[in-house]
Amino acid sequence: MKFVDEAFIDIAAGDGGNGCVSFRHEKYKEFGGPNGGDGGRGGHVWAIADPSLNTLVDYRYSRRHEAGRGEHGMGSDMFGAAGHDVTLKMPVGTIISDVETGAVLHELLQPGERILIAKGGDGGFGNMRFKSSINRAPRQKTPGWPGERKSLKLELKVLADVGLLGMPNAGKSTLIAAVSNARPKIADYPFTTLHPNLGVVRVGPEQSFVIADVPGLIEGASEGAGLGHQFLRHLQRTHLLLHVVDIAPFDEGVDPVAQAKAIVAELKKYDPALHQKPRWLVLNKLDMVPAEERAARVKDFVRRMRFKGPVFEISALTREGCESLVQAVYQHIRARQLADQPVTEVDPRFPTDPPANP
């Protein structure tokens with residue numbers, strides 16, 4: 001399935017039905033009075049966060065979405081039926097913004113969250129609404145109100161706890177395949193991932209986190225070079241960035257330290273807030289380095305990089321060091337989740353633990 005993280009759609013809520021002018025006409029009822037009903041409400045347009053979706057590809061080919069118009073009022077005190085609603089299913093993490101103003105209208109962050117994005121027009125009043133003691137035969141009615149019409153931009157930012165960052169061919173796809181249930185394309189020739197991959201990492205019973213792999217960055221990505229700049233938005237909602245570095249590049253003339261510094265510089269240019277996120281260094285492909293040279297190469301890399309955060313040495317291919325990395329990441333995510341939970345005050349008059357049996 002093609003990964004699409006941006007789409008433009010036009011939506012139109014239904015217009016309200018018109019009110020009706022009608023009078024009661026029955027045999028032996030010469031003064032029946034007004035009985036024109038109100039028009040029906042126009043249909044609404046709703047958006048719902050569907051956890052089974054992970055792309056906006058449906059809206060790339062279906063641009064126009066209209067709700068039903070409310071029926072007109074009728075005689076015999078009959079109101080018009082409301083127009084049918086339209087519900088648009090979108091992936092969790094979708095941002096809905098107005099094309100004309102650029103304002104963000106809604107963000108779908110919770111599975112099953114349902115929001116109103118276009119309100120249907122109210123129905124018009126029939127003449128029975130205008131009946132009074134001094135207006136026994138009103139002929140007034142009102143038309144239905146028009147429904148809202150909007151041009152919307154849909155932008156998907158995947159919801160992941162951890163994001164993988166690095167140059168193309170740094171081994172990010174191999175790492176996410178080694179630690180999660182994701183199965184991205186992996187080959188023995190140089191290529192770059194074309195779209196983000198999400199994987200669930202199972203640490204233990206009821207212990208897991210979501211990891212995201214985005215296309216690799218190159219120097220100049222913040223100005224639009226390469227593919228990775230199109231997907232940097234998916235790292236903005238992560239809690240932790242893992243900077244994956246190829247410690248043993250095929251080309252001996254390539255300096256891994258210079259490449260790593262270039263990636264950090266691109267992050268800062270694109271979004272300073274993204275640059276300030278917690279970032280760990282993951283030195284990959286240690287299986288390509290002789291065992292007696294590993295410690296010296298890692299020490300030299302960290303010294304030249306001037307990196308002060310946590311450093312992990314792994315081989316995604318052989319899964320060496322991956323388990324300790326996963327455990328450390330989960331503990332970091334769990335600690336952050338506990339810190340973000342609101343503190344509930346405990347009433348000292350009521351014990352929280354049940355009394356022990358005598």
# chains A, B, ... in the order shown; residues from 1 in each chain; ligands from 1
>>> residues_around(residues="segment 62-66 of chain A", least_positions_apart="2", cutoff="6 Å", atoms="only C-alpha atoms", output="list in words")
Ile9, Asp10, Ile11, Ala12, Ala13, Tyr59 and Arg60 of chain A
>>> select_by_dssp(residues="segment 87-299 of chain A", states="helix (DSSP H, G or I)", output="PyMOL selection string")
chain A and resi 127-130+172-179+221-223+228-235+256-270+272-275+286-288+291-299
>>> atom_distance(atom1="atom CA of Asp15 of chain A", atom2="atom CA of Ser132 of chain A")
28.3 Å
>>> residues_around(residues="segment 102-106 of chain A", least_positions_apart="5", cutoff="9 Å", atoms="only C-alpha atoms", output="PDB file with N, CA and C atoms, in the first residue's frame")
ATOM      1  N   THR A  94      -3.670  12.345  12.724  1.00  0.00           N
ATOM      2  CA  THR A  94      -3.967  13.245  11.617  1.00  0.00           C
ATOM      3  C   THR A  94      -4.239  14.650  12.141  1.00  0.00           C
ATOM      4  N   ILE A  95      -3.655  15.633  11.479  1.00  0.00           N
ATOM      5  CA  ILE A  95      -3.896  17.039  11.782  1.00  0.00           C
ATOM      6  C   ILE A  95      -4.794  17.597  10.679  1.00  0.00           C
ATOM      7  N   ILE A  96      -5.897  18.221  11.072  1.00  0.00           N
ATOM      8  CA  ILE A  96      -6.850  18.798  10.128  1.00  0.00           C
ATOM      9  C   ILE A  96      -6.734  20.307  10.207  1.00  0.00           C
ATOM     10  N   SER A  97      -6.400  20.944   9.091  1.00  0.00           N
ATOM     11  CA  SER A  97      -6.236  22.396   9.070  1.00  0.00           C
ATOM     12  C   SER A  97      -6.981  22.995   7.889  1.00  0.00           C
ATOM     13  N   ILE A 115     -14.893  13.812  15.993  1.00  0.00           N
ATOM     14  CA  ILE A 115     -15.049  15.257  16.058  1.00  0.00           C
ATOM     15  C   ILE A 115     -15.901  15.732  14.887  1.00  0.00           C
ATOM     16  N   ILE A 117     -16.392  18.279  11.981  1.00  0.00           N
ATOM     17  CA  ILE A 117     -15.565  19.178  11.178  1.00  0.00           C
ATOM     18  C   ILE A 117     -16.385  20.081  10.258  1.00  0.00           C
ATOM     19  N   LYS A 153      -6.782  20.615   4.692  1.00  0.00           N
ATOM     20  CA  LYS A 153      -5.515  19.931   4.484  1.00  0.00           C
ATOM     21  C   LYS A 153      -5.362  18.880   5.574  1.00  0.00           C
TER      22      LYS A 153
END
>>> atom_distance(atom1="atom CA of Gly40 of chain A", atom2="atom CA of Gly16 of chain A")
5.8 Å
>>> select_by_dssp(residues="segment 77-188 of chain A", states="strand (DSSP E or B)", output="ChimeraX atom specification")
/A:78,86-91,94-98,104-107,114-118,149-156,162-165
>>> closest_residue(among="A:Asn197, A:Ser76, A:Thr174, A:Gln110", to="Asn54 of chain A", atoms="only C-alpha atoms")
A:Asn197
>>> atom_distance(atom1="atom CA of Asp255 of chain A", atom2="atom CA of Glu313 of chain A")
17.8 Å
>>> residues_around(residues="Pro272 of chain A", least_positions_apart="6", cutoff="12 Å", atoms="only C-alpha atoms", output="ChimeraX atom specification")
/A:222,236,264-266
>>> residues_around(residues="Ala137 of chain A", least_positions_apart="5", cutoff="8 Å", atoms="only C-alpha atoms", output="PDB file with N, CA and C atoms, in the first residue's frame")
ATOM      1  N   GLY A  33     -56.498  26.266  10.423  1.00  0.00           N
ATOM      2  CA  GLY A  33     -55.277  26.901  10.881  1.00  0.00           C
ATOM      3  C   GLY A  33     -54.032  26.371  10.175  1.00  0.00           C
ATOM      4  N   PRO A  34     -52.896  26.998  10.449  1.00  0.00           N
ATOM      5  CA  PRO A  34     -51.641  26.615   9.781  1.00  0.00           C
ATOM      6  C   PRO A  34     -51.117  25.284  10.293  1.00  0.00           C
ATOM      7  N   LYS A 131     -47.725  31.211  14.164  1.00  0.00           N
ATOM      8  CA  LYS A 131     -49.110  31.353  14.615  1.00  0.00           C
ATOM      9  C   LYS A 131     -49.160  32.064  15.954  1.00  0.00           C
TER      10      LYS A 131
END
>>> closest_residue(among="A:Phe8, A:Ser324, A:Gly147, A:Leu116", to="Tyr61 of chain A", atoms="only C-alpha atoms")
A:Phe8
>>> residues_around(residues="Asp5 of chain A", least_positions_apart="2", cutoff="9 Å", atoms="only C-alpha atoms", output="ChimeraX atom specification")
/A:3,7,54-57,94,154-158,231
>>> write_last_selection(atoms="N, CA, C and O atoms", output="compact mmCIF listing (two decimals), in the first residue's frame")
# COMPACT_ATOMS: atom_id res chain seq x y z
N PHE A 3 2.24 4.76 0.89
CA PHE A 3 2.17 5.59 2.08
C PHE A 3 1.96 7.04 1.66
O PHE A 3 2.75 7.60 0.92
N ALA A 7 -2.82 15.17 2.28
CA ALA A 7 -3.90 15.15 1.30
C ALA A 7 -4.74 16.41 1.48
O ALA A 7 -4.77 17.02 2.56
N ASN A 54 -3.24 3.63 8.58
CA ASN A 54 -1.92 4.24 8.80
C ASN A 54 -1.47 5.10 7.63
O ASN A 54 -0.29 5.42 7.53
N THR A 55 -2.40 5.48 6.77
CA THR A 55 -2.05 6.32 5.63
C THR A 55 -3.29 7.09 5.18
O THR A 55 -4.43 6.69 5.47
N LEU A 56 -3.09 8.19 4.48
CA LEU A 56 -4.17 9.02 3.95
C LEU A 56 -4.41 8.76 2.48
O LEU A 56 -4.94 9.62 1.76
N VAL A 57 -4.03 7.60 2.00
CA VAL A 57 -4.10 7.32 0.57
C VAL A 57 -5.54 7.37 0.06
O VAL A 57 -5.77 7.74 -1.11
N THR A 94 -3.67 12.35 12.72
CA THR A 94 -3.97 13.24 11.62
C THR A 94 -4.24 14.65 12.14
O THR A 94 -4.98 14.84 13.11
N LEU A 154 -5.12 17.65 5.18
CA LEU A 154 -4.91 16.56 6.12
C LEU A 154 -3.42 16.23 6.14
O LEU A 154 -2.81 15.97 5.11
N GLU A 155 -2.85 16.25 7.33
CA GLU A 155 -1.42 15.96 7.48
C GLU A 155 -1.26 14.92 8.57
O GLU A 155 -1.78 15.06 9.67
N LEU A 156 -0.57 13.85 8.24
CA LEU A 156 -0.39 12.74 9.17
C LEU A 156 0.98 12.81 9.82
O LEU A 156 2.00 12.88 9.13
N LYS A 157 0.97 12.84 11.14
CA LYS A 157 2.20 12.68 11.92
C LYS A 157 2.04 11.41 12.73
O LYS A 157 1.18 11.34 13.62
N VAL A 158 2.84 10.41 12.40
CA VAL A 158 2.66 9.12 13.06
C VAL A 158 2.95 9.25 14.54
O VAL A 158 3.79 10.04 14.98
N PHE A 231 9.56 13.57 5.61
CA PHE A 231 9.02 12.76 6.69
C PHE A 231 9.57 13.17 8.06
O PHE A 231 9.32 12.47 9.04
>>> residues_around(residues="segment 169-171 of chain A", least_positions_apart="2", cutoff="6 Å", atoms="only C-alpha atoms", output="PDB file with N, CA and C atoms, in the first residue's frame")
ATOM      1  N   MET A 167      21.669   8.477   8.520  1.00  0.00           N
ATOM      2  CA  MET A 167      21.914   8.540   7.090  1.00  0.00           C
ATOM      3  C   MET A 167      21.317   7.313   6.396  1.00  0.00           C
ATOM      4  N   SER A 173      16.560   0.181   9.041  1.00  0.00           N
ATOM      5  CA  SER A 173      15.556  -0.823   8.697  1.00  0.00           C
ATOM      6  C   SER A 173      15.903  -2.182   9.298  1.00  0.00           C
ATOM      7  N   THR A 174      17.189  -2.528   9.289  1.00  0.00           N
ATOM      8  CA  THR A 174      17.607  -3.789   9.896  1.00  0.00           C
ATOM      9  C   THR A 174      17.354  -3.775  11.395  1.00  0.00           C
ATOM     10  N   VAL A 245      24.196   5.219  13.621  1.00  0.00           N
ATOM     11  CA  VAL A 245      25.388   5.579  12.847  1.00  0.00           C
ATOM     12  C   VAL A 245      26.071   4.304  12.370  1.00  0.00           C
ATOM     13  N   ASP A 246      26.452   4.288  11.111  1.00  0.00           N
ATOM     14  CA  ASP A 246      27.231   3.183  10.549  1.00  0.00           C
ATOM     15  C   ASP A 246      28.693   3.395  10.950  1.00  0.00           C
TER      16      ASP A 246
END
>>> closest_residue(among="A:Glu252, A:Asp271, A:Asp161, A:Asp300", to="His239 of chain A", atoms="only C-alpha atoms")
A:Asp161
>>> decode(residues="segment 138-162 of chain A", atoms="N, CA, C and O atoms", output="CSV table (one decimal), in the first residue's frame")
chain,number,residue,atom,x,y,z
A,138,PRO,N,-50.9,32.8,9.4
A,138,PRO,CA,-49.6,33.2,8.9
A,138,PRO,C,-49.1,32.6,7.6
A,138,PRO,O,-49.4,31.4,7.4
A,139,ARG,N,-48.5,33.4,6.7
A,139,ARG,CA,-48.0,32.8,5.5
A,139,ARG,C,-46.5,33.0,5.4
A,139,ARG,O,-45.9,32.9,4.4
A,140,GLN,N,-45.9,33.2,6.6
A,140,GLN,CA,-44.4,33.3,6.6
A,140,GLN,C,-43.8,31.9,6.7
A,140,GLN,O,-44.3,31.0,7.3
A,141,LYS,N,-42.6,31.9,6.2
A,141,LYS,CA,-41.8,30.7,6.3
A,141,LYS,C,-40.3,31.2,6.1
A,141,LYS,O,-40.1,32.3,5.6
A,142,THR,N,-39.4,30.3,6.6
A,142,THR,CA,-38.0,30.7,6.4
A,142,THR,C,-37.3,29.6,5.6
A,142,THR,O,-37.6,28.4,5.8
A,143,PRO,N,-36.3,30.0,4.8
A,143,PRO,CA,-35.5,28.9,4.1
A,143,PRO,C,-34.5,28.2,5.1
A,143,PRO,O,-34.2,28.8,6.2
A,144,GLY,N,-34.1,27.1,4.7
A,144,GLY,CA,-33.1,26.4,5.5
A,144,GLY,C,-31.7,27.1,5.4
A,144,GLY,O,-31.4,27.8,4.4
A,145,TRP,N,-30.9,26.9,6.5
A,145,TRP,CA,-29.6,27.5,6.5
A,145,TRP,C,-28.6,26.7,5.7
A,145,TRP,O,-28.7,25.5,5.8
A,146,PRO,N,-27.7,27.3,5.1
A,146,PRO,CA,-26.7,26.5,4.3
A,146,PRO,C,-25.7,25.8,5.3
A,146,PRO,O,-25.4,26.3,6.4
A,147,GLY,N,-25.3,24.6,4.9
A,147,GLY,CA,-24.3,23.9,5.7
A,147,GLY,C,-22.9,24.5,5.5
A,147,GLY,O,-22.6,25.2,4.5
A,148,GLU,N,-22.0,24.1,6.4
A,148,GLU,CA,-20.6,24.6,6.3
A,148,GLU,C,-19.9,24.0,5.1
A,148,GLU,O,-20.0,22.8,4.9
A,149,ARG,N,-19.0,24.7,4.4
A,149,ARG,CA,-18.2,24.2,3.4
A,149,ARG,C,-16.8,24.6,3.6
A,149,ARG,O,-16.5,25.8,3.9
A,150,LYS,N,-15.9,23.7,3.5
A,150,LYS,CA,-14.5,23.9,3.8
A,150,LYS,C,-13.5,23.2,2.9
A,150,LYS,O,-13.9,22.1,2.4
A,151,SER,N,-12.4,23.8,2.7
A,151,SER,CA,-11.3,23.1,2.0
A,151,SER,C,-10.2,22.8,3.1
A,151,SER,O,-9.8,23.7,3.8
A,152,LEU,N,-9.9,21.5,3.3
A,152,LEU,CA,-9.1,21.1,4.4
A,152,LEU,C,-7.8,20.5,3.9
A,152,LEU,O,-7.7,19.8,2.8
A,153,LYS,N,-6.8,20.6,4.7
A,153,LYS,CA,-5.5,19.9,4.5
A,153,LYS,C,-5.4,18.9,5.6
A,153,LYS,O,-5.5,19.2,6.8
A,154,LEU,N,-5.1,17.7,5.2
A,154,LEU,CA,-4.9,16.6,6.1
A,154,LEU,C,-3.4,16.2,6.1
A,154,LEU,O,-2.8,16.0,5.1
A,155,GLU,N,-2.8,16.3,7.3
A,155,GLU,CA,-1.4,16.0,7.5
A,155,GLU,C,-1.3,14.9,8.6
A,155,GLU,O,-1.8,15.1,9.7
A,156,LEU,N,-0.6,13.9,8.2
A,156,LEU,CA,-0.4,12.7,9.2
A,156,LEU,C,1.0,12.8,9.8
A,156,LEU,O,2.0,12.9,9.1
A,157,LYS,N,1.0,12.8,11.1
A,157,LYS,CA,2.2,12.7,11.9
A,157,LYS,C,2.0,11.4,12.7
A,157,LYS,O,1.2,11.3,13.6
A,158,VAL,N,2.8,10.4,12.4
A,158,VAL,CA,2.7,9.1,13.1
A,158,VAL,C,2.9,9.2,14.5
A,158,VAL,O,3.8,10.0,15.0
A,159,LEU,N,2.2,8.5,15.3
A,159,LEU,CA,2.4,8.5,16.8
A,159,LEU,C,3.3,7.4,17.2
A,159,LEU,O,2.9,6.2,17.1
A,160,ALA,N,4.5,7.7,17.5
A,160,ALA,CA,5.5,6.7,17.9
A,160,ALA,C,6.3,7.2,19.1
A,160,ALA,O,6.4,8.4,19.3
A,161,ASP,N,6.7,6.3,20.0
A,161,ASP,CA,7.4,6.7,21.2
A,161,ASP,C,8.9,7.0,20.8
A,161,ASP,O,9.5,7.8,21.4
A,162,VAL,N,9.4,6.2,19.9
A,162,VAL,CA,10.9,6.3,19.5
A,162,VAL,C,11.0,6.5,18.0
A,162,VAL,O,10.3,5.8,17.2
